file run_18.cif (mmCIF, N, CA and C atoms)
data_structure
#
loop_
_atom_site.label_atom_id
_atom_site.label_comp_id
_atom_site.auth_asym_id
_atom_site.auth_seq_id
_atom_site.Cartn_x
_atom_site.Cartn_y
_atom_site.Cartn_z
N MET W 697 0.85 -1.19 0.00
CA MET W 697 0.00 0.00 0.00
C MET W 697 0.89 1.24 0.00
N ALA W 698 0.51 2.19 -0.78
CA ALA W 698 1.25 3.44 -0.88
C ALA W 698 1.03 4.29 0.37
N ASN W 699 1.94 5.20 0.61
CA ASN W 699 1.83 6.11 1.74
C ASN W 699 0.88 7.24 1.37
N ARG W 700 -0.23 7.31 2.08
CA ARG W 700 -1.28 8.29 1.79
C ARG W 700 -0.76 9.72 1.84
N ALA W 701 -0.04 10.08 2.89
CA ALA W 701 0.47 11.44 3.07
C ALA W 701 1.47 11.79 1.97
N GLN W 702 2.31 10.84 1.60
CA GLN W 702 3.32 11.10 0.56
C GLN W 702 2.65 11.34 -0.79
N LEU W 703 1.66 10.50 -1.13
CA LEU W 703 0.95 10.70 -2.40
C LEU W 703 0.25 12.06 -2.43
N LEU W 704 -0.37 12.43 -1.33
CA LEU W 704 -1.07 13.71 -1.26
C LEU W 704 -0.10 14.87 -1.41
N GLU W 705 1.07 14.76 -0.80
CA GLU W 705 2.08 15.82 -0.92
C GLU W 705 2.57 15.96 -2.37
N GLU W 706 2.75 14.83 -3.05
CA GLU W 706 3.16 14.87 -4.46
C GLU W 706 2.11 15.57 -5.31
N ILE W 707 0.84 15.28 -5.04
CA ILE W 707 -0.25 15.94 -5.78
C ILE W 707 -0.25 17.43 -5.51
N GLN W 708 -0.03 17.82 -4.28
CA GLN W 708 -0.01 19.24 -3.92
C GLN W 708 1.14 19.95 -4.62
N GLN W 709 2.30 19.32 -4.69
CA GLN W 709 3.45 19.93 -5.36
C GLN W 709 3.19 20.10 -6.85
N THR W 710 2.64 19.09 -7.47
CA THR W 710 2.34 19.17 -8.90
C THR W 710 1.23 20.20 -9.15
N SER W 711 0.25 20.25 -8.26
CA SER W 711 -0.83 21.23 -8.39
C SER W 711 -0.29 22.65 -8.30
N PHE W 712 0.67 22.88 -7.43
CA PHE W 712 1.30 24.19 -7.33
C PHE W 712 1.97 24.55 -8.66
N GLN W 713 2.65 23.59 -9.25
CA GLN W 713 3.31 23.83 -10.53
C GLN W 713 2.28 24.16 -11.61
N VAL W 714 1.17 23.41 -11.65
CA VAL W 714 0.11 23.68 -12.62
C VAL W 714 -0.47 25.07 -12.42
N ASP W 715 -0.74 25.43 -11.17
CA ASP W 715 -1.30 26.75 -10.87
C ASP W 715 -0.33 27.87 -11.25
N ASP W 716 0.94 27.66 -10.95
CA ASP W 716 1.95 28.67 -11.27
C ASP W 716 2.06 28.86 -12.79
N LEU W 717 2.07 27.77 -13.52
CA LEU W 717 2.13 27.86 -14.98
C LEU W 717 0.86 28.49 -15.55
N THR W 718 -0.27 28.22 -14.93
CA THR W 718 -1.53 28.83 -15.37
C THR W 718 -1.45 30.35 -15.26
N LEU W 719 -0.94 30.83 -14.14
CA LEU W 719 -0.81 32.28 -13.95
C LEU W 719 0.14 32.88 -14.98
N TYR W 720 1.25 32.19 -15.23
CA TYR W 720 2.21 32.68 -16.22
C TYR W 720 1.58 32.71 -17.61
N LEU W 721 0.87 31.64 -17.96
CA LEU W 721 0.27 31.56 -19.29
C LEU W 721 -0.87 32.54 -19.48
N ASP W 722 -1.46 33.02 -18.39
CA ASP W 722 -2.47 34.07 -18.51
C ASP W 722 -1.90 35.32 -19.18
N THR W 723 -0.62 35.58 -18.94
CA THR W 723 0.01 36.77 -19.51
C THR W 723 0.98 36.47 -20.65
N HIS W 724 1.28 35.19 -20.87
CA HIS W 724 2.20 34.77 -21.93
C HIS W 724 1.61 33.57 -22.67
N PRO W 725 0.46 33.72 -23.30
CA PRO W 725 -0.27 32.58 -23.86
C PRO W 725 0.40 31.89 -25.05
N LEU W 726 1.42 32.50 -25.62
CA LEU W 726 2.09 31.90 -26.78
C LEU W 726 3.42 31.25 -26.44
N ASP W 727 3.81 31.24 -25.18
CA ASP W 727 5.09 30.67 -24.76
C ASP W 727 5.01 29.14 -24.89
N GLN W 728 5.63 28.62 -25.94
CA GLN W 728 5.54 27.19 -26.25
C GLN W 728 6.17 26.31 -25.17
N GLU W 729 7.26 26.76 -24.60
CA GLU W 729 7.92 25.98 -23.54
C GLU W 729 7.00 25.89 -22.31
N ALA W 730 6.36 26.98 -21.97
CA ALA W 730 5.44 26.99 -20.83
C ALA W 730 4.20 26.14 -21.13
N LEU W 731 3.72 26.20 -22.38
CA LEU W 731 2.58 25.37 -22.77
C LEU W 731 2.91 23.89 -22.64
N ASP W 732 4.10 23.51 -23.07
CA ASP W 732 4.52 22.11 -22.95
C ASP W 732 4.66 21.70 -21.49
N ALA W 733 5.25 22.57 -20.68
CA ALA W 733 5.41 22.28 -19.26
C ALA W 733 4.05 22.16 -18.58
N PHE W 734 3.11 23.04 -18.96
CA PHE W 734 1.76 22.98 -18.40
C PHE W 734 1.09 21.65 -18.75
N ALA W 735 1.16 21.26 -20.02
CA ALA W 735 0.53 20.01 -20.46
C ALA W 735 1.13 18.82 -19.71
N GLN W 736 2.43 18.81 -19.54
CA GLN W 736 3.11 17.72 -18.86
C GLN W 736 2.72 17.68 -17.38
N ALA W 737 2.73 18.82 -16.72
CA ALA W 737 2.38 18.88 -15.29
C ALA W 737 0.91 18.54 -15.08
N ASN W 738 0.05 19.02 -15.95
CA ASN W 738 -1.37 18.74 -15.84
C ASN W 738 -1.65 17.25 -16.00
N HIS W 739 -0.97 16.62 -16.95
CA HIS W 739 -1.11 15.18 -17.16
C HIS W 739 -0.60 14.40 -15.95
N LEU W 740 0.55 14.81 -15.42
CA LEU W 740 1.11 14.15 -14.24
C LEU W 740 0.14 14.27 -13.06
N ARG W 741 -0.43 15.45 -12.84
CA ARG W 741 -1.37 15.63 -11.74
C ARG W 741 -2.58 14.71 -11.91
N TYR W 742 -3.09 14.61 -13.12
CA TYR W 742 -4.22 13.72 -13.37
C TYR W 742 -3.86 12.27 -13.02
N GLN W 743 -2.68 11.83 -13.44
CA GLN W 743 -2.24 10.47 -13.12
C GLN W 743 -2.09 10.28 -11.62
N GLN W 744 -1.51 11.26 -10.94
CA GLN W 744 -1.35 11.18 -9.49
C GLN W 744 -2.71 11.10 -8.79
N MET W 745 -3.65 11.91 -9.25
CA MET W 745 -4.98 11.90 -8.64
C MET W 745 -5.70 10.58 -8.91
N GLN W 746 -5.49 9.99 -10.09
CA GLN W 746 -6.06 8.67 -10.37
C GLN W 746 -5.47 7.62 -9.43
N ASN W 747 -4.16 7.66 -9.27
CA ASN W 747 -3.50 6.70 -8.37
C ASN W 747 -4.00 6.86 -6.94
N TYR W 748 -4.14 8.10 -6.50
CA TYR W 748 -4.62 8.37 -5.15
C TYR W 748 -6.05 7.84 -4.99
N ALA W 749 -6.91 8.10 -5.97
CA ALA W 749 -8.29 7.64 -5.90
C ALA W 749 -8.36 6.11 -5.89
N ARG W 750 -7.52 5.48 -6.69
CA ARG W 750 -7.50 4.01 -6.74
C ARG W 750 -7.09 3.44 -5.38
N GLU W 751 -6.14 4.09 -4.74
CA GLU W 751 -5.62 3.59 -3.46
C GLU W 751 -6.48 4.01 -2.27
N PHE W 752 -7.01 5.23 -2.32
CA PHE W 752 -7.72 5.77 -1.16
C PHE W 752 -9.12 6.24 -1.53
N GLU W 753 -9.27 7.52 -1.85
CA GLU W 753 -10.56 8.08 -2.23
C GLU W 753 -10.34 9.20 -3.23
N PRO W 754 -11.36 9.54 -4.02
CA PRO W 754 -11.20 10.61 -5.02
C PRO W 754 -11.05 11.97 -4.35
N LEU W 755 -10.23 12.82 -4.97
CA LEU W 755 -10.02 14.17 -4.46
C LEU W 755 -10.89 15.20 -5.15
N ALA W 756 -11.55 14.80 -6.22
CA ALA W 756 -12.44 15.69 -6.96
C ALA W 756 -13.59 14.84 -7.51
N PRO W 757 -14.77 15.43 -7.63
CA PRO W 757 -15.89 14.65 -8.16
C PRO W 757 -15.60 14.03 -9.53
N SER W 758 -14.78 14.68 -10.32
CA SER W 758 -14.46 14.13 -11.64
C SER W 758 -13.62 12.86 -11.56
N MET W 759 -13.07 12.55 -10.39
CA MET W 759 -12.26 11.36 -10.21
C MET W 759 -13.04 10.19 -9.62
N VAL W 760 -14.32 10.37 -9.35
CA VAL W 760 -15.14 9.30 -8.77
C VAL W 760 -15.34 8.19 -9.80
N CYS W 761 -14.98 6.98 -9.40
CA CYS W 761 -15.21 5.80 -10.24
C CYS W 761 -15.52 4.63 -9.30
N PRO W 762 -16.79 4.28 -9.17
CA PRO W 762 -17.18 3.22 -8.25
C PRO W 762 -16.48 1.88 -8.51
N ASP W 763 -15.99 1.67 -9.71
CA ASP W 763 -15.36 0.39 -10.04
C ASP W 763 -13.88 0.31 -9.66
N THR W 764 -13.22 1.47 -9.52
CA THR W 764 -11.77 1.41 -9.28
C THR W 764 -11.31 2.18 -8.04
N ASN W 765 -12.10 3.11 -7.50
CA ASN W 765 -11.66 3.88 -6.34
C ASN W 765 -11.51 3.00 -5.10
N ASN W 766 -10.50 3.32 -4.31
CA ASN W 766 -10.28 2.68 -3.01
C ASN W 766 -10.29 1.16 -3.13
N GLU W 767 -9.47 0.65 -4.04
CA GLU W 767 -9.41 -0.79 -4.25
C GLU W 767 -9.00 -1.56 -3.00
N THR W 768 -8.23 -0.92 -2.14
CA THR W 768 -7.79 -1.60 -0.92
C THR W 768 -8.91 -1.71 0.11
N GLY W 769 -9.92 -0.86 0.00
CA GLY W 769 -11.01 -0.86 0.97
C GLY W 769 -10.61 -0.30 2.31
N SER W 770 -9.41 0.27 2.38
CA SER W 770 -8.88 0.71 3.67
C SER W 770 -9.62 1.90 4.26
N TYR W 771 -10.24 2.73 3.43
CA TYR W 771 -10.95 3.90 3.93
C TYR W 771 -12.43 3.86 3.57
N SER W 772 -12.90 2.71 3.16
CA SER W 772 -14.27 2.61 2.68
C SER W 772 -15.24 2.28 3.80
N LYS W 773 -16.41 2.88 3.72
CA LYS W 773 -17.50 2.54 4.63
C LYS W 773 -18.22 1.29 4.11
N TYR W 774 -17.94 0.93 2.85
CA TYR W 774 -18.61 -0.19 2.19
C TYR W 774 -17.60 -1.09 1.50
N PRO W 775 -16.66 -1.69 2.26
CA PRO W 775 -15.62 -2.50 1.61
C PRO W 775 -16.22 -3.66 0.83
N GLY W 776 -15.65 -3.87 -0.36
CA GLY W 776 -16.07 -4.96 -1.21
C GLY W 776 -17.36 -4.72 -1.97
N GLN W 777 -17.96 -3.54 -1.79
CA GLN W 777 -19.21 -3.23 -2.48
C GLN W 777 -18.99 -2.07 -3.45
N ARG W 778 -19.61 -2.15 -4.60
CA ARG W 778 -19.58 -1.04 -5.56
C ARG W 778 -20.44 0.07 -4.98
N HIS W 779 -19.87 1.27 -4.86
CA HIS W 779 -20.62 2.37 -4.24
C HIS W 779 -20.07 3.72 -4.72
N PHE W 780 -20.80 4.78 -4.41
CA PHE W 780 -20.37 6.14 -4.72
C PHE W 780 -19.23 6.48 -3.77
N THR W 781 -18.02 6.58 -4.28
CA THR W 781 -16.82 6.66 -3.45
C THR W 781 -16.47 8.06 -2.96
N TRP W 782 -17.23 9.07 -3.38
CA TRP W 782 -16.92 10.43 -2.96
C TRP W 782 -16.96 10.57 -1.45
N SER W 783 -17.78 9.78 -0.78
CA SER W 783 -17.90 9.89 0.67
C SER W 783 -16.89 9.04 1.43
N ASP W 784 -16.07 8.25 0.72
CA ASP W 784 -15.01 7.53 1.41
C ASP W 784 -14.04 8.55 1.98
N GLY W 785 -13.46 8.27 3.08
CA GLY W 785 -12.61 9.26 3.71
C GLY W 785 -11.53 8.60 4.52
N PRO W 786 -10.79 9.35 5.25
CA PRO W 786 -10.96 10.76 5.56
C PRO W 786 -10.55 11.64 4.38
N LEU W 787 -11.10 12.82 4.33
CA LEU W 787 -10.75 13.77 3.29
C LEU W 787 -9.45 14.49 3.65
N PRO W 788 -8.76 15.04 2.67
CA PRO W 788 -7.46 15.67 2.92
C PRO W 788 -7.48 16.75 3.98
N TRP W 789 -8.59 17.46 4.11
CA TRP W 789 -8.65 18.55 5.07
C TRP W 789 -9.04 18.08 6.47
N ASP W 790 -9.36 16.78 6.61
CA ASP W 790 -9.60 16.22 7.95
C ASP W 790 -8.26 15.97 8.59
N ASN W 791 -7.97 16.69 9.65
CA ASN W 791 -6.67 16.57 10.32
C ASN W 791 -6.52 15.18 10.88
N GLN W 792 -5.51 14.47 10.41
CA GLN W 792 -5.27 13.09 10.80
C GLN W 792 -4.04 12.99 11.71
N GLY W 793 -4.19 13.40 12.94
CA GLY W 793 -3.13 13.23 13.91
C GLY W 793 -1.83 13.91 13.57
N GLY W 794 -1.90 15.07 12.96
CA GLY W 794 -0.68 15.78 12.59
C GLY W 794 -0.94 17.27 12.62
N ALA W 795 -0.01 17.99 12.06
CA ALA W 795 -0.12 19.43 12.03
C ALA W 795 -1.17 19.90 11.07
#

call {"tool": "encode", "arguments": {"input": "run_18.cif", "output": "structure tokens"}}
result
Amino acid sequence: MANRAQLLEEIQQTSFQVDDLTLYLDTHPLDQEALDAFAQANHLRYQQMQNYAREFEPLAPSMVCPDTNNETGSYSKYPGQRHFTWSDGPLPWDNQGGA
């Protein structure tokens, strides 16, 4: 099983990169290098979020997939059952014994 906190931190780092590139591209929309970096970071974030959803729970409604989310059943209220996984938790903003 993957480390939940580590995966979430990786997603946050990639999300920061996507957001930063978005702000840059707002004022430099023709910068091909930035466009390529944005596409690459955006794709990586999507893959990371898919991996996180598969292992734990979806981080966005667009990532909900009753057939593949939380395959481990470790955070599911309905282990082994096909269900709407958006309510599986804990959610990232639920403080889990840390800072």

call {"tool": "resolve_selection", "arguments": {"input": "run_18.cif", "expression": "the PyMOL selection byres ((chain W and resi 710-725) around 6.5)", "output": "JSON, numbers by chain"}}
result
{"W": [705, 706, 707, 708, 709, 726, 727, 728, 734, 737, 738, 741]}

call {"tool": "resolve_selection", "arguments": {"input": "run_18.cif", "expression": "the PyMOL selection byres ((chain W and resi 749-766) around 6)", "output": "PyMOL selection string"}}
result
chain W and resi 744-748+767-770+778-782+784

call {"tool": "atom_distance", "arguments": {"input": "run_18.cif", "atom1": "atom C of Leu703 of chain W", "atom2": "atom N of Tyr771 of chain W"}}
result
15.2 Å

call {"tool": "atom_distance", "arguments": {"input": "run_18.cif", "atom1": "atom CA of Arg700 of chain W", "atom2": "atom CA of Ser772 of chain W"}}
result
14.2 Å

call {"tool": "select_by_dssp", "arguments": {"input": "run_18.cif", "residues": "chain W", "states": "helix (DSSP H, G or I)", "output": "ChimeraX atom specification"}}
result
/W:700-723,728-751,757-759,781-783

call {"tool": "atom_distance", "arguments": {"input": "run_18.cif", "atom1": "atom CA of Gly776 of chain W", "atom2": "atom CA of Gln743 of chain W"}}
result
23.9 Å
